[in-house]
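**Q** Dropping in work-v5.pdb, which is PDB, C-alpha atoms and all ligand atoms:
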MODEL        1
ATOM      1  CA  MET A   1      23.416  -2.774 -12.968  1.00  0.00           C
ATOM      2  CA  ASP A   2      19.934  -4.169 -13.425  1.00  0.00           C
ATOM      3  CA  PRO A   3      17.230  -3.311 -10.851  1.00  0.00           C
ATOM      4  CA  ILE A   4      17.928  -6.364  -8.678  1.00  0.00           C
ATOM      5  CA  GLU A   5      21.669  -5.681  -8.730  1.00  0.00           C
ATOM      6  CA  LYS A   6      20.909  -2.089  -7.744  1.00  0.00           C
ATOM      7  CA  LEU A   7      18.896  -3.305  -4.724  1.00  0.00           C
ATOM      8  CA  MET A   8      21.757  -5.640  -3.758  1.00  0.00           C
ATOM      9  CA  ASP A   9      24.197  -2.762  -4.035  1.00  0.00           C
ATOM     10  CA  GLU A  10      21.974  -0.701  -1.713  1.00  0.00           C
ATOM     11  CA  HIS A  11      22.020  -3.623   0.743  1.00  0.00           C
ATOM     12  CA  GLN A  12      25.802  -3.216   1.003  1.00  0.00           C
ATOM     13  CA  ASN A  13      25.393   0.434   2.000  1.00  0.00           C
ATOM     14  CA  ILE A  14      22.660  -0.450   4.494  1.00  0.00           C
ATOM     15  CA  LEU A  15      24.870  -3.172   6.004  1.00  0.00           C
ATOM     16  CA  ALA A  16      27.714  -0.667   6.334  1.00  0.00           C
ATOM     17  CA  GLY A  17      25.356   1.725   8.141  1.00  0.00           C
ATOM     18  CA  ILE A  18      24.010  -0.852  10.551  1.00  0.00           C
ATOM     19  CA  ASP A  19      27.529  -2.112  11.357  1.00  0.00           C
ATOM     20  CA  ILE A  20      28.313   1.391  12.615  1.00  0.00           C
ATOM     21  CA  LEU A  21      25.016   1.481  14.514  1.00  0.00           C
ATOM     22  CA  ALA A  22      25.825  -1.881  16.147  1.00  0.00           C
ATOM     23  CA  ARG A  23      29.251  -0.630  17.261  1.00  0.00           C
ATOM     24  CA  ASN A  24      27.766   2.464  18.861  1.00  0.00           C
ATOM     25  CA  ALA A  25      24.990   0.482  20.556  1.00  0.00           C
ATOM     26  CA  ASP A  26      27.768  -1.690  22.060  1.00  0.00           C
ATOM     27  CA  ARG A  27      29.601   1.400  23.276  1.00  0.00           C
ATOM     28  CA  LEU A  28      26.423   2.632  24.981  1.00  0.00           C
ATOM     29  CA  GLU A  29      25.934  -0.732  26.654  1.00  0.00           C
ATOM     30  CA  LYS A  30      29.482  -0.638  27.972  1.00  0.00           C
ATOM     31  CA  GLY A  31      28.683   2.659  29.624  1.00  0.00           C
ATOM     32  CA  GLU A  32      30.591   4.834  27.160  1.00  0.00           C
ATOM     33  CA  LYS A  33      29.116   8.133  26.133  1.00  0.00           C
ATOM     34  CA  VAL A  34      27.904   8.402  22.552  1.00  0.00           C
ATOM     35  CA  ASP A  35      26.866  11.756  21.137  1.00  0.00           C
ATOM     36  CA  PRO A  36      23.057  11.621  20.682  1.00  0.00           C
ATOM     37  CA  ARG A  37      23.527  13.367  17.348  1.00  0.00           C
ATOM     38  CA  PHE A  38      24.994  10.070  16.131  1.00  0.00           C
ATOM     39  CA  PHE A  39      21.648   8.330  16.677  1.00  0.00           C
ATOM     40  CA  ASN A  40      19.747  11.156  15.006  1.00  0.00           C
ATOM     41  CA  GLU A  41      21.957  10.798  11.955  1.00  0.00           C
ATOM     42  CA  ALA A  42      21.743   7.004  12.004  1.00  0.00           C
ATOM     43  CA  ILE A  43      17.940   7.303  12.135  1.00  0.00           C
ATOM     44  CA  ASP A  44      18.062   9.720   9.196  1.00  0.00           C
ATOM     45  CA  PHE A  45      20.125   7.140   7.250  1.00  0.00           C
ATOM     46  CA  ILE A  46      17.750   4.293   8.109  1.00  0.00           C
ATOM     47  CA  ARG A  47      14.555   6.273   7.401  1.00  0.00           C
ATOM     48  CA  ASN A  48      15.566   8.053   4.260  1.00  0.00           C
ATOM     49  CA  TYR A  49      17.969   5.598   2.671  1.00  0.00           C
ATOM     50  CA  ALA A  50      17.072   2.109   3.933  1.00  0.00           C
ATOM     51  CA  ASP A  51      13.341   2.722   4.225  1.00  0.00           C
ATOM     52  CA  ARG A  52      11.992   5.515   2.015  1.00  0.00           C
ATOM     53  CA  TYR A  53      14.479   4.857  -0.760  1.00  0.00           C
ATOM     54  CA  HIS A  54      15.340   1.140  -0.687  1.00  0.00           C
ATOM     55  CA  HIS A  55      12.296  -0.469   0.971  1.00  0.00           C
ATOM     56  CA  ALA A  56      10.003   1.801  -0.997  1.00  0.00           C
ATOM     57  CA  LYS A  57      11.402   0.422  -4.255  1.00  0.00           C
ATOM     58  CA  GLU A  58      10.886  -3.116  -3.008  1.00  0.00           C
ATOM     59  CA  GLU A  59       7.336  -2.457  -1.828  1.00  0.00           C
ATOM     60  CA  ASP A  60       6.126  -0.242  -4.656  1.00  0.00           C
ATOM     61  CA  ILE A  61       7.919  -1.850  -7.590  1.00  0.00           C
ATOM     62  CA  LEU A  62       9.502  -5.283  -7.031  1.00  0.00           C
ATOM     63  CA  PHE A  63       6.898  -6.837  -4.740  1.00  0.00           C
ATOM     64  CA  LYS A  64       4.069  -5.484  -6.927  1.00  0.00           C
ATOM     65  CA  LYS A  65       5.725  -7.017  -9.960  1.00  0.00           C
ATOM     66  CA  MET A  66       6.109 -10.334  -8.116  1.00  0.00           C
ATOM     67  CA  GLU A  67       2.446 -10.182  -7.108  1.00  0.00           C
ATOM     68  CA  LYS A  68       1.472  -9.819 -10.742  1.00  0.00           C
ATOM     69  CA  ALA A  69       3.646 -12.831 -11.542  1.00  0.00           C
ATOM     70  CA  GLY A  70       1.556 -14.898  -9.115  1.00  0.00           C
ATOM     71  CA  PHE A  71       3.347 -14.604  -5.762  1.00  0.00           C
ATOM     72  CA  PRO A  72       0.749 -14.422  -2.986  1.00  0.00           C
ATOM     73  CA  VAL A  73       0.720 -11.199  -0.970  1.00  0.00           C
ATOM     74  CA  GLU A  74      -0.586 -12.928   2.109  1.00  0.00           C
ATOM     75  CA  GLY A  75       1.105 -15.851   3.733  1.00  0.00           C
ATOM     76  CA  GLY A  76       4.097 -15.978   1.412  1.00  0.00           C
ATOM     77  CA  PRO A  77       7.628 -14.609   1.373  1.00  0.00           C
ATOM     78  CA  ILE A  78       6.424 -11.124   0.375  1.00  0.00           C
ATOM     79  CA  ALA A  79       4.231 -10.970   3.490  1.00  0.00           C
ATOM     80  CA  VAL A  80       7.241 -11.899   5.623  1.00  0.00           C
ATOM     81  CA  MET A  81       9.368  -9.189   4.006  1.00  0.00           C
ATOM     82  CA  LEU A  82       6.612  -6.579   4.465  1.00  0.00           C
ATOM     83  CA  SER A  83       6.140  -7.453   8.101  1.00  0.00           C
ATOM     84  CA  GLU A  84       9.903  -7.223   8.663  1.00  0.00           C
ATOM     85  CA  HIS A  85       9.945  -3.754   7.084  1.00  0.00           C
ATOM     86  CA  ASP A  86       7.193  -2.782   9.557  1.00  0.00           C
ATOM     87  CA  GLN A  87       8.969  -4.350  12.497  1.00  0.00           C
ATOM     88  CA  GLY A  88      12.067  -2.336  11.547  1.00  0.00           C
ATOM     89  CA  ARG A  89      10.024   0.889  11.500  1.00  0.00           C
ATOM     90  CA  HIS A  90       8.781   0.083  14.987  1.00  0.00           C
ATOM     91  CA  TYR A  91      12.347  -0.337  16.348  1.00  0.00           C
ATOM     92  CA  VAL A  92      13.438   2.906  14.708  1.00  0.00           C
ATOM     93  CA  ARG A  93      10.524   4.852  16.205  1.00  0.00           C
ATOM     94  CA  ALA A  94      11.318   3.414  19.643  1.00  0.00           C
ATOM     95  CA  MET A  95      15.012   4.284  19.210  1.00  0.00           C
ATOM     96  CA  GLU A  96      14.059   7.819  18.199  1.00  0.00           C
ATOM     97  CA  LYS A  97      11.781   8.308  21.207  1.00  0.00           C
ATOM     98  CA  ALA A  98      14.450   7.025  23.582  1.00  0.00           C
ATOM     99  CA  ASN A  99      17.057   9.243  21.922  1.00  0.00           C
ATOM    100  CA  GLU A 100      14.837  12.296  22.487  1.00  0.00           C
ATOM    101  CA  ARG A 101      14.952  11.504  26.205  1.00  0.00           C
ATOM    102  CA  TYR A 102      18.720  10.910  26.028  1.00  0.00           C
ATOM    103  CA  ILE A 103      19.204  14.340  24.406  1.00  0.00           C
ATOM    104  CA  VAL A 104      17.583  16.078  27.364  1.00  0.00           C
ATOM    105  CA  GLY A 105      19.796  14.202  29.789  1.00  0.00           C
ATOM    106  CA  ASP A 106      17.670  11.188  30.735  1.00  0.00           C
ATOM    107  CA  LYS A 107      20.312   8.497  31.324  1.00  0.00           C
ATOM    108  CA  SER A 108      17.644   5.811  31.702  1.00  0.00           C
ATOM    109  CA  ALA A 109      17.043   6.060  27.957  1.00  0.00           C
ATOM    110  CA  VAL A 110      20.431   4.554  27.153  1.00  0.00           C
ATOM    111  CA  ASN A 111      19.364   0.923  27.452  1.00  0.00           C
ATOM    112  CA  GLU A 112      16.305   1.497  25.311  1.00  0.00           C
ATOM    113  CA  ILE A 113      18.375   3.067  22.554  1.00  0.00           C
ATOM    114  CA  ALA A 114      20.880   0.216  22.647  1.00  0.00           C
ATOM    115  CA  GLU A 115      18.206  -2.482  22.747  1.00  0.00           C
ATOM    116  CA  ASN A 116      16.188  -1.092  19.861  1.00  0.00           C
ATOM    117  CA  ALA A 117      19.312  -0.399  17.822  1.00  0.00           C
ATOM    118  CA  LYS A 118      20.530  -3.960  18.308  1.00  0.00           C
ATOM    119  CA  SER A 119      17.112  -5.425  17.522  1.00  0.00           C
ATOM    120  CA  TYR A 120      17.038  -3.388  14.324  1.00  0.00           C
ATOM    121  CA  VAL A 121      20.532  -4.497  13.332  1.00  0.00           C
ATOM    122  CA  TYR A 122      19.716  -8.149  14.024  1.00  0.00           C
ATOM    123  CA  LEU A 123      16.444  -7.944  12.067  1.00  0.00           C
ATOM    124  CA  LEU A 124      17.911  -6.124   9.074  1.00  0.00           C
ATOM    125  CA  ARG A 125      20.981  -8.341   8.705  1.00  0.00           C
ATOM    126  CA  ALA A 126      18.775 -11.434   8.569  1.00  0.00           C
ATOM    127  CA  HIS A 127      16.268  -9.656   6.309  1.00  0.00           C
ATOM    128  CA  ILE A 128      18.931  -8.630   3.800  1.00  0.00           C
ATOM    129  CA  ASP A 129      20.416 -12.113   3.850  1.00  0.00           C
ATOM    130  CA  LYS A 130      17.002 -13.615   3.024  1.00  0.00           C
ATOM    131  CA  GLU A 131      16.444 -11.180   0.188  1.00  0.00           C
ATOM    132  CA  ASP A 132      19.882 -11.646  -1.325  1.00  0.00           C
ATOM    133  CA  ARG A 133      19.920 -15.433  -1.046  1.00  0.00           C
ATOM    134  CA  ILE A 134      16.248 -16.374  -1.458  1.00  0.00           C
ATOM    135  CA  LEU A 135      13.771 -13.671  -2.450  1.00  0.00           C
ATOM    136  CA  TYR A 136      15.735 -11.917  -5.202  1.00  0.00           C
ATOM    137  CA  PRO A 137      16.807 -15.197  -6.868  1.00  0.00           C
ATOM    138  CA  MET A 138      13.150 -16.281  -6.695  1.00  0.00           C
ATOM    139  CA  ALA A 139      12.116 -13.031  -8.356  1.00  0.00           C
ATOM    140  CA  ARG A 140      14.792 -13.427 -11.015  1.00  0.00           C
ATOM    141  CA  ASN A 141      13.594 -16.940 -11.724  1.00  0.00           C
ATOM    142  CA  ALA A 142       9.927 -16.045 -11.932  1.00  0.00           C
ATOM    143  CA  LEU A 143      10.241 -12.764 -13.818  1.00  0.00           C
ATOM    144  CA  GLY A 144      13.098 -13.654 -16.132  1.00  0.00           C
ATOM    145  CA  GLU A 145      15.610 -11.133 -17.386  1.00  0.00           C
ATOM    146  CA  SER A 146      12.942  -9.315 -19.400  1.00  0.00           C
ATOM    147  CA  GLY A 147      10.716  -8.979 -16.355  1.00  0.00           C
ATOM    148  CA  ILE A 148      13.620  -7.581 -14.334  1.00  0.00           C
ATOM    149  CA  GLU A 149      14.483  -5.126 -17.105  1.00  0.00           C
ATOM    150  CA  ALA A 150      10.834  -4.070 -17.307  1.00  0.00           C
ATOM    151  CA  MET A 151      11.187  -2.567 -13.814  1.00  0.00           C
ATOM    152  CA  ARG A 152      13.955  -0.243 -14.970  1.00  0.00           C
ATOM    153  CA  PRO A 153      11.744   2.726 -15.945  1.00  0.00           C
ATOM    154  CA  ASP A 154      10.125   2.700 -12.504  1.00  0.00           C
ATOM    155  CA  PHE A 155      13.523   2.469 -10.824  1.00  0.00           C
ATOM    156  CA  ASP A 156      14.782   5.338 -12.995  1.00  0.00           C
ATOM    157  CA  ARG A 157      11.755   7.412 -12.011  1.00  0.00           C
ATOM    158  CA  VAL A 158      12.528   6.920  -8.308  1.00  0.00           C
ATOM    159  CA  GLU A 159      16.202   7.838  -8.909  1.00  0.00           C
ATOM    160  CA  LYS A 160      15.008  10.995 -10.578  1.00  0.00           C
ATOM    161  CA  GLU A 161      12.497  11.878  -7.885  1.00  0.00           C
ATOM    162  CA  LYS A 162      15.057  11.205  -5.180  1.00  0.00           C
ATOM    163  CA  SER A 163      18.069  12.412  -7.084  1.00  0.00           C
ATOM    164  CA  GLY A 164      21.121  12.949  -4.901  1.00  0.00           C
ATOM    165  CA  THR A 165      20.009  10.333  -2.358  1.00  0.00           C
ATOM    166  CA  GLU A 166      22.872   7.900  -3.079  1.00  0.00           C
ATOM    167  CA  GLU A 167      25.499  10.638  -2.829  1.00  0.00           C
ATOM    168  CA  LYS A 168      23.975  12.218   0.248  1.00  0.00           C
ATOM    169  CA  TYR A 169      23.744   8.990   2.231  1.00  0.00           C
ATOM    170  CA  LYS A 170      27.139   7.658   1.157  1.00  0.00           C
ATOM    171  CA  ALA A 171      28.554  10.907   2.525  1.00  0.00           C
ATOM    172  CA  LEU A 172      26.503  10.461   5.694  1.00  0.00           C
ATOM    173  CA  LEU A 173      27.989   6.970   6.124  1.00  0.00           C
ATOM    174  CA  LYS A 174      31.445   8.555   6.274  1.00  0.00           C
ATOM    175  CA  GLU A 175      30.191  11.025   8.839  1.00  0.00           C
ATOM    176  CA  LEU A 176      28.667   8.255  10.953  1.00  0.00           C
ATOM    177  CA  GLU A 177      32.105   6.577  10.983  1.00  0.00           C
ATOM    178  CA  SER A 178      33.589   9.679  12.564  1.00  0.00           C
ATOM    179  CA  TYR A 179      31.669   9.512  15.852  1.00  0.00           C
TER     180      TYR A 179
HETATM  181 FE    FE B 201      13.291  -5.627   2.205  1.00  0.00          FE
HETATM  182 FE    FE B 202      16.105  -5.038   0.759  1.00  0.00          FE
ENDMDL
END
Can you present the structure in this file as C-alpha cells?
Ligand SMILES: [Fe+2]
Ligand SMILES: [Fe+2]
**A**
Amino acid sequence: MDPIEKLMDEHQNILAGIDILARNADRLEKGEKVDPRFFNEAIDFIRNYADRYHHAKEEDILFKKMEKAGFPVEGGPIAVMLSEHDQGRHYVRAMEKANERYIVGDKSAVNEIAENAKSYVYLLRAHIDKEDRILYPMARNALGESGIEAMRPDFDRVEKEKSGTEEKYKALLKELESY
C-alpha cells in the first residue's frame, strides 16, 4: 500500500465505525435505550482513530505536501477539508457533552446525542467520498508516484509513534458492533 492507499484503507474502517454510530443514533431516536458506554467508545474511535491518527496524517503530511506542490491553503479544496475536520470535532464535542448528561440520567440529552451523531455521520460520509473521488486523485496527479512515495517515511514515523493503533481500533470496531 502506498500512503494514499493507506488513507483510503483507513476510510473503510472509519465508514464501518460511523455506520454503527448511525444505527445506534437511530435506535436512540426511536426511543430505544442505548448503553451510554457505546457513545464513549464511539467517541474514542472517532477521536483517536479517525481524527488523531487519520486526519492528523492528512493535515500534517498530505496537505502540507500538496501545499508545497502549489495547492492554495486558503479558498481551495484543502481549506474545505480542514474546515470539515473542524466541524466534525465540534459535533463530537457536543455529542460527548450530551452523553455526559445522559450518563447521569438526563433523558433530555438523548436528542442531542442523536442529532450530533447523525450530523457527524452525514458530514464524514460526504467528506470521505470527496477525498476518495476528488482530493486524493488530485494529489496523485499533482505529486506523481514519486511524490506519493516521498511521504512514506513520514507515514512510517506516525505508524511507529502510534504503533498498535490499527489493531486496537479494529478490535474496538468489533466491540462497537456488540452493543
Ligand atoms: Fe479528511
Ligand atoms: Fe480522510
**Q** Quick one: residues within 12 Å of ligand FE 201 (chain B), with only C-alpha atoms and all ligand atoms, as a PyMOL selection string?
**A** chain A and resi 4+7-8+10-11+14+50-63+77-89+123-132+134-136
**Q** Expand the PyMOL selection byres (((chain A and resi 37-47) around 9) and not hetatm) into the explicit residue set it covers here, and present it as a list in words.
**A**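 Applying the PyMOL selection byres (((chain A and resi 37-47) around 9) and not hetatm) to the structure shown produces Ile14, Gly17, Ile18, Ile20, Leu21, Asn24, Val34, Asp35, Pro36, Asn48, Tyr49, Ala50, Asp51, Arg52, Tyr53, Arg89, Val92, Arg93, Met95, Glu96, Asn99, Ile103, Ile113, Tyr169, Leu172, Leu173, Glu175, Leu176 and Tyr179 of chain A.
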**Q** What gap, in Å, lies between CA of Lys97 (chain A) and CA of Val158 (chain A)?
**A**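 Spanning CA of Lys97 (chain A) to CA of Val158 (chain A) is a straight-line distance of 29.6 Å.
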**Q** Which of these residues is nearest to ligand FE 202 (chain B), using only C-alpha atoms and all ligand atoms: A:Asp2, A:Glu159, A:Asp19, A:Asp9?
**A**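 Answer, going by the shortest atom-to-atom distance: A:Asp9.
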**Q** Please return the centre and edge lengths, in Å to one decimal, of a box with edges along x, y and z that contains all listed atoms of region 24-28 of chain A, widened by 6 Å on every side, as AutoDock Vina command-line options.
**A**
--center_x 27.3 --center_y 0.5 --center_z 21.9 --size_x 16.6 --size_y 16.3 --size_z 18.1
**Q** What's the separation between CA of Val73 (chain A) and CA of Ala139 (chain A), in Å to one decimal place?
**A**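 Taking CA of Val73 (chain A) as the start and CA of Ala139 (chain A) as the end point, the length is 13.7 Å.
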**Q** What does the distance from CA of Lys118 (chain A) to CA of Glu74 (chain A) come to in Å, to one decimal?
**A** 28.1 Å
**Q** Pull out every residue that the PyMOL selection byres (((chain A and resi 150) around 12) and not hetatm) matches in the shown coordinates and put them as a ChimeraX atom specification.
**A** /A:2-4,61-62,65,140,143-149,151-156
**Q** Starting from the PyMOL selection byres (((chain A and resi 109) around 12) and not hetatm), expand the selection into actual residues of this file and give them as an MDAnalysis selection string.
**A** chainID A and resid 28:29 36 94:108 110:116
